[in-house]
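This is final.txt (compact mmCIF, C-alpha atoms and all ligand atoms).
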```
# COMPACT_ATOMS: atom_id res chain seq x y z
CA MET B 1 91.64 83.09 86.60
CA LYS B 2 94.75 85.19 86.39
CA GLY B 3 95.96 88.50 87.72
CA PHE B 4 99.00 90.76 87.77
CA ILE B 5 100.35 92.28 90.97
CA PHE B 6 102.87 95.08 90.68
CA ASP B 7 105.24 96.72 93.05
CA LEU B 8 105.44 100.44 92.26
CA ASP B 9 108.84 102.05 92.93
CA GLY B 10 111.39 100.65 90.49
CA VAL B 11 108.77 98.59 88.61
CA ILE B 12 106.17 101.00 87.24
CA THR B 13 108.38 104.08 87.47
CA ASP B 14 111.91 104.88 88.56
CA THR B 15 111.03 106.56 91.85
CA ALA B 16 113.44 104.17 93.63
CA LYS B 17 116.23 106.60 92.73
CA TYR B 18 114.35 109.47 94.41
CA HIS B 19 113.81 107.43 97.59
CA TYR B 20 117.56 106.78 97.58
CA GLU B 21 118.40 110.44 97.07
CA ALA B 22 116.04 111.50 99.85
CA TRP B 23 117.42 108.94 102.33
CA ARG B 24 120.99 109.87 101.42
CA ASN B 25 120.17 113.50 102.06
CA LEU B 26 118.65 112.75 105.46
CA GLY B 27 121.57 110.44 106.28
CA GLU B 28 124.04 113.24 105.58
CA LYS B 29 122.26 115.50 108.07
CA LEU B 30 122.46 112.76 110.68
CA GLY B 31 126.10 111.94 109.92
CA ILE B 32 125.25 108.53 108.45
CA THR B 33 126.44 107.49 104.98
CA VAL B 34 123.67 105.79 103.00
CA ASP B 35 125.44 104.33 99.96
CA GLU B 36 124.00 102.53 96.97
CA LYS B 37 124.74 99.08 98.34
CA PHE B 38 123.05 99.78 101.68
CA ASN B 39 120.13 101.35 99.83
CA GLU B 40 119.35 97.94 98.28
CA GLN B 41 118.23 96.85 101.75
CA LEU B 42 115.76 99.71 101.92
CA LYS B 43 113.91 98.80 98.73
CA GLY B 44 110.40 97.57 99.49
CA ILE B 45 110.73 98.55 103.16
CA SER B 46 108.31 101.02 104.78
CA ARG B 47 109.31 104.60 105.58
CA MET B 48 109.66 104.10 109.35
CA ASP B 49 111.41 100.73 109.02
CA SER B 50 113.84 102.27 106.51
CA LEU B 51 114.62 105.05 108.99
CA ASP B 52 115.20 102.48 111.75
CA ARG B 53 117.65 100.61 109.50
CA ILE B 54 119.53 103.84 108.69
CA LEU B 55 119.76 104.82 112.36
CA ALA B 56 120.99 101.31 113.23
CA LEU B 57 123.62 101.63 110.48
CA GLY B 58 124.96 104.72 112.24
CA ASN B 59 124.59 103.15 115.71
CA LYS B 60 122.10 105.87 116.53
CA GLU B 61 119.01 103.72 117.07
CA ASN B 62 118.61 104.85 120.69
CA GLU B 63 119.25 108.54 120.10
CA TYR B 64 115.80 109.58 118.94
CA SER B 65 112.34 109.43 120.48
CA LEU B 66 109.41 108.13 118.45
CA TYR B 67 108.26 111.73 118.02
CA GLU B 68 111.66 112.76 116.65
CA LYS B 69 111.75 109.74 114.34
CA LYS B 70 108.36 110.68 112.94
CA GLN B 71 109.70 114.17 112.27
CA LEU B 72 112.76 112.75 110.49
CA ALA B 73 110.54 110.47 108.38
CA ALA B 74 108.32 113.44 107.52
CA GLU B 75 111.41 115.43 106.54
CA LYS B 76 112.54 112.64 104.22
CA ASN B 77 109.07 112.46 102.70
CA ALA B 78 108.94 116.22 102.10
CA TYR B 79 112.28 116.03 100.28
CA TYR B 80 111.03 113.02 98.30
CA LEU B 81 107.77 114.74 97.33
CA ASN B 82 109.75 117.69 96.10
CA LEU B 83 111.72 115.37 93.79
CA LEU B 84 108.40 114.00 92.49
CA GLN B 85 107.12 117.40 91.45
CA GLY B 86 107.87 117.01 87.77
CA LEU B 87 106.71 113.37 87.58
CA GLY B 88 104.35 112.67 84.69
CA PRO B 89 103.21 110.02 82.17
CA ASP B 90 106.60 110.15 80.42
CA ASP B 91 108.17 108.73 83.57
CA LEU B 92 106.54 105.32 83.20
CA LEU B 93 109.33 102.78 82.75
CA SER B 94 109.65 101.46 79.21
CA GLY B 95 107.07 98.94 78.16
CA VAL B 96 104.87 99.41 81.24
CA LYS B 97 102.04 101.27 79.49
CA GLU B 98 101.95 98.72 76.65
CA PHE B 99 101.92 95.86 79.15
CA LEU B 100 99.06 97.39 81.15
CA MET B 101 97.09 97.95 77.95
CA ALA B 102 97.67 94.36 76.86
CA ALA B 103 96.45 93.14 80.28
CA GLN B 104 93.35 95.29 80.00
CA GLU B 105 92.60 93.96 76.49
CA ARG B 106 92.75 90.42 77.89
CA ASN B 107 90.59 91.33 80.92
CA ILE B 108 93.37 90.40 83.33
CA PRO B 109 92.96 92.39 86.55
CA CYS B 110 95.96 94.35 87.87
CA ALA B 111 96.72 95.48 91.41
CA ILE B 112 99.42 97.49 93.18
CA ALA B 113 101.23 95.97 96.15
CA SER B 114 103.57 98.73 97.32
CA ALA B 115 104.69 99.73 100.80
CA SER B 116 104.49 103.36 99.65
CA LYS B 117 101.85 105.63 101.14
CA ASN B 118 102.50 107.86 98.13
CA ALA B 119 101.34 105.19 95.65
CA PRO B 120 97.90 106.75 94.85
CA LEU B 121 99.54 110.15 94.21
CA ILE B 122 102.23 108.65 91.96
CA LEU B 123 99.74 106.59 89.93
CA GLU B 124 97.67 109.72 89.44
CA LYS B 125 100.69 111.70 88.25
CA LEU B 126 101.60 108.89 85.84
CA ASP B 127 97.98 108.82 84.66
CA VAL B 128 97.63 105.04 84.99
CA ASN B 129 95.04 104.81 87.78
CA ASP B 130 92.45 103.38 85.41
CA TYR B 131 94.55 100.28 84.75
CA PHE B 132 94.44 99.12 88.37
CA GLU B 133 91.46 97.47 90.00
CA ALA B 134 93.03 97.71 93.43
CA ILE B 135 95.78 99.42 95.39
CA VAL B 136 96.61 97.78 98.70
CA ASP B 137 96.62 100.32 101.53
CA PRO B 138 99.94 99.63 103.29
CA ALA B 139 98.57 101.19 106.49
CA SER B 140 96.07 98.31 106.70
CA LEU B 141 98.76 95.64 106.91
CA ALA B 142 100.22 94.00 110.01
CA LYS B 143 103.52 93.11 108.36
CA GLY B 144 105.66 94.60 105.61
CA LYS B 145 107.67 92.85 102.89
CA PRO B 146 109.29 90.28 102.95
CA HIS B 147 106.11 89.02 104.66
CA PRO B 148 103.68 87.91 101.91
CA GLU B 149 100.64 89.68 103.45
CA ILE B 150 100.62 92.55 100.94
CA PHE B 151 100.65 90.16 97.96
CA ILE B 152 97.96 87.92 99.46
CA ARG B 153 95.80 91.01 100.09
CA ALA B 154 96.33 92.28 96.54
CA ALA B 155 95.24 88.90 95.12
CA GLN B 156 92.14 88.94 97.35
CA LEU B 157 91.24 92.44 96.20
CA ILE B 158 91.18 91.32 92.57
CA GLY B 159 89.35 88.11 93.45
CA ILE B 160 92.03 85.50 92.76
CA GLU B 161 94.26 83.13 94.69
CA ALA B 162 97.86 84.17 95.28
CA THR B 163 98.98 81.11 93.30
CA GLU B 164 97.04 82.36 90.27
CA ALA B 165 98.83 85.69 90.20
CA ILE B 166 102.05 86.89 88.65
CA GLY B 167 103.98 89.36 90.80
CA PHE B 168 106.46 91.97 89.52
CA GLU B 169 109.24 93.19 91.79
CA ASP B 170 112.58 95.00 91.73
CA ALA B 171 113.46 94.34 95.39
CA GLN B 172 114.65 91.19 97.13
CA ALA B 173 112.23 91.76 100.04
CA GLY B 174 109.38 91.86 97.53
CA VAL B 175 110.51 88.76 95.64
CA ASP B 176 110.73 86.90 98.96
CA GLY B 177 107.16 87.96 99.79
CA ILE B 178 105.87 86.87 96.38
CA LYS B 179 107.52 83.46 96.63
CA ALA B 180 106.37 82.97 100.23
CA CYS B 181 102.75 82.84 99.06
CA GLY B 182 103.38 80.60 96.06
CA MET B 183 103.04 83.36 93.51
CA PHE B 184 104.98 83.42 90.22
CA ALA B 185 107.71 86.08 90.45
CA VAL B 186 109.01 88.27 87.66
CA GLY B 187 112.11 90.19 88.68
CA ILE B 188 112.78 93.59 87.16
CA GLU B 189 116.54 93.52 87.51
CA VAL B 190 118.42 96.71 86.96
CA ASP B 191 121.19 96.71 89.53
CA GLU B 192 121.56 93.73 91.83
CA PRO B 193 120.51 90.19 90.81
CA LEU B 194 117.33 88.99 92.51
CA ILE B 195 117.39 85.57 94.14
CA GLY B 196 114.48 83.16 93.69
CA VAL B 197 112.64 84.80 90.78
CA ASP B 198 110.91 82.61 88.18
CA ILE B 199 111.85 84.96 85.36
CA SER B 200 114.05 88.00 85.27
CA VAL B 201 114.01 90.86 82.77
CA ASN B 202 115.56 94.30 82.50
CA SER B 203 112.31 95.93 81.54
CA PHE B 204 108.72 95.26 80.47
CA CYS B 205 109.90 95.62 76.87
CA ASP B 206 111.49 92.18 77.28
CA LEU B 207 108.16 90.58 78.25
CA ASP B 208 105.64 89.06 75.87
CA ILE B 209 102.41 88.93 77.87
CA ASP B 210 101.05 85.77 76.19
CA LYS B 211 104.33 83.88 76.54
CA LEU B 212 104.53 84.93 80.18
CA LEU B 213 101.02 83.63 80.86
CA GLU B 214 101.92 80.37 79.16
CA ILE B 215 105.09 79.92 81.21
CA GLN B 216 103.15 80.61 84.42
CA ARG B 217 100.39 78.18 83.37
CA ASN B 218 102.90 75.41 82.63
CA ARG B 219 104.69 76.01 85.92
CA HIS B 220 101.38 75.83 87.75
CA THR B 221 100.28 72.54 86.22
CA ALA B 222 103.74 70.91 86.18
C1 LIG B 301 108.48 101.29 98.64
C2 LIG B 301 109.90 101.68 98.34
C3 LIG B 301 110.65 102.03 99.60
C4 LIG B 301 109.87 103.05 100.40
C5 LIG B 301 108.49 102.51 100.75
C6 LIG B 301 107.63 103.50 101.52
O1 LIG B 301 108.47 100.02 99.19
O2 LIG B 301 110.58 100.63 97.68
O3 LIG B 301 111.91 102.54 99.25
O4 LIG B 301 110.54 103.37 101.61
O5 LIG B 301 107.83 102.19 99.53
O6 LIG B 301 107.37 104.59 100.69
P1 LIG B 301 106.71 105.96 101.14
O7 LIG B 301 106.42 106.65 99.82
O8 LIG B 301 105.46 105.61 101.90
O9 LIG B 301 107.69 106.65 101.98
MG MG B 302 110.28 98.49 94.34
```

For the structure just supplied, provide its representation as structure tokens.
Ligand code: G6P
Ligand code: MG
Amino acid sequence: MKGFIFDLDGVITDTAKYHYEAWRNLGEKLGITVDEKFNEQLKGISRMDSLDRILALGNKENEYSLYEKKQLAAEKNAYYLNLLQGLGPDDLLSGVKEFLMAAQERNIPCAIASASKNAPLILEKLDVNDYFEAIVDPASLAKGKPHPEIFIRAAQLIGIEATEAIGFEDAQAGVDGIKACGMFAVGIEVDEPLIGVDISVNSFCDLDIDKLLEIQRNRHTA
């Protein structure tokens, strides 16, 4: 048994840049500079946890009530959704569609393990819903990445063990979660190097699905 488990933002499509833009915009209103380096720490992290990290960056963690923080998070999300308006099938990252088709041809189940509550909407816009047997509902989880819970749940949903799956991630928190449950990790590295990945590529174009499966199989039996 085998299965593929994908993060969404920065792996399937380049929405990571829109999250960054939306947080930077909110940060500006709050007088907090969210730069590209700090943004790396927000990748893979839930909306509310990201906001908490930004407020802590500006030493403003005690300035807002929970109600106000929910409003700020909603404001960020509204800005983000606006940036997503034009998103469509052409926004799949290169090689993703071909990889999903190759997985489908080989009857290898695929699942989404993303902290994003917008994942179903984004997959629909990209028109790739049919390729995924399962999307983990992040609201059903006790812990976010780097905890491995989301990857373990994704494996369960497609009926395999975590150790049988190959996980794809662009964020360090995600890679840490994948490795914490003994899963094989493929890093999609665009900006910062990812520590602890089994294989790293710039895009799905650099991946041969059969070779990847063979490498994972050899690693597993070694
Ligand atoms: C992913 C992204 C994060 C984002 C989180 C929540 O993990 O990498 O940048 O904050 O999802 O996304 P949401 O769409 O629910 O705000
Ligand atoms: Mg990501």

Open item on the list: Let me see if you get this right: every residue at most 7 Å from ligand LIG 301 (chain B), counting all atoms listed in the file, written as number ranges by chain.
Closed with: B: 9, 16, 19, 42-47, 50, 77, 114-119

TODO: For ligand MG 302 (chain B), list the contacting residues at 6 Å or closer, counting all atoms listed in the file, as an NGL selection string.
DONE: :B and (7-11 or 43-44 or 169-171)

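One distance worth recording is that between atom CA of B:Phe151 and atom CA of B:Ile178, which is 6.4 Å.
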
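Going from atom CA of B:Gly174 over to atom CA of B:Asn62, you cover 28.1 Å.
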
TODO: Compare B:Phe4, B:Tyr18, B:Phe38, B:Phe184 by their minimum atom-to-atom distance to B:Gln85, counting only C-alpha atoms, and give me the closest one.
DONE: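 Checking each candidate against B:Gln85, we get B:Tyr18 as the closest.
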
Open item on the list: Env of B:Pro120: 12 Å cut, atoms = all atoms listed in the file, seq-sep filter 6 positions within chain, self excluded. Answer as a ChimeraX atom specification.
Closed with: /B:8,111-114,126-130,132,134-138

TODO: Identify, on the basis of only C-alpha atoms, every residue whose closest approach to stretch 88-91 of chain B does not exceed 10 Å; exclude the query and any residue fewer than 6 positions from it along the same chain; express the result as a count of residues only.
DONE: 12
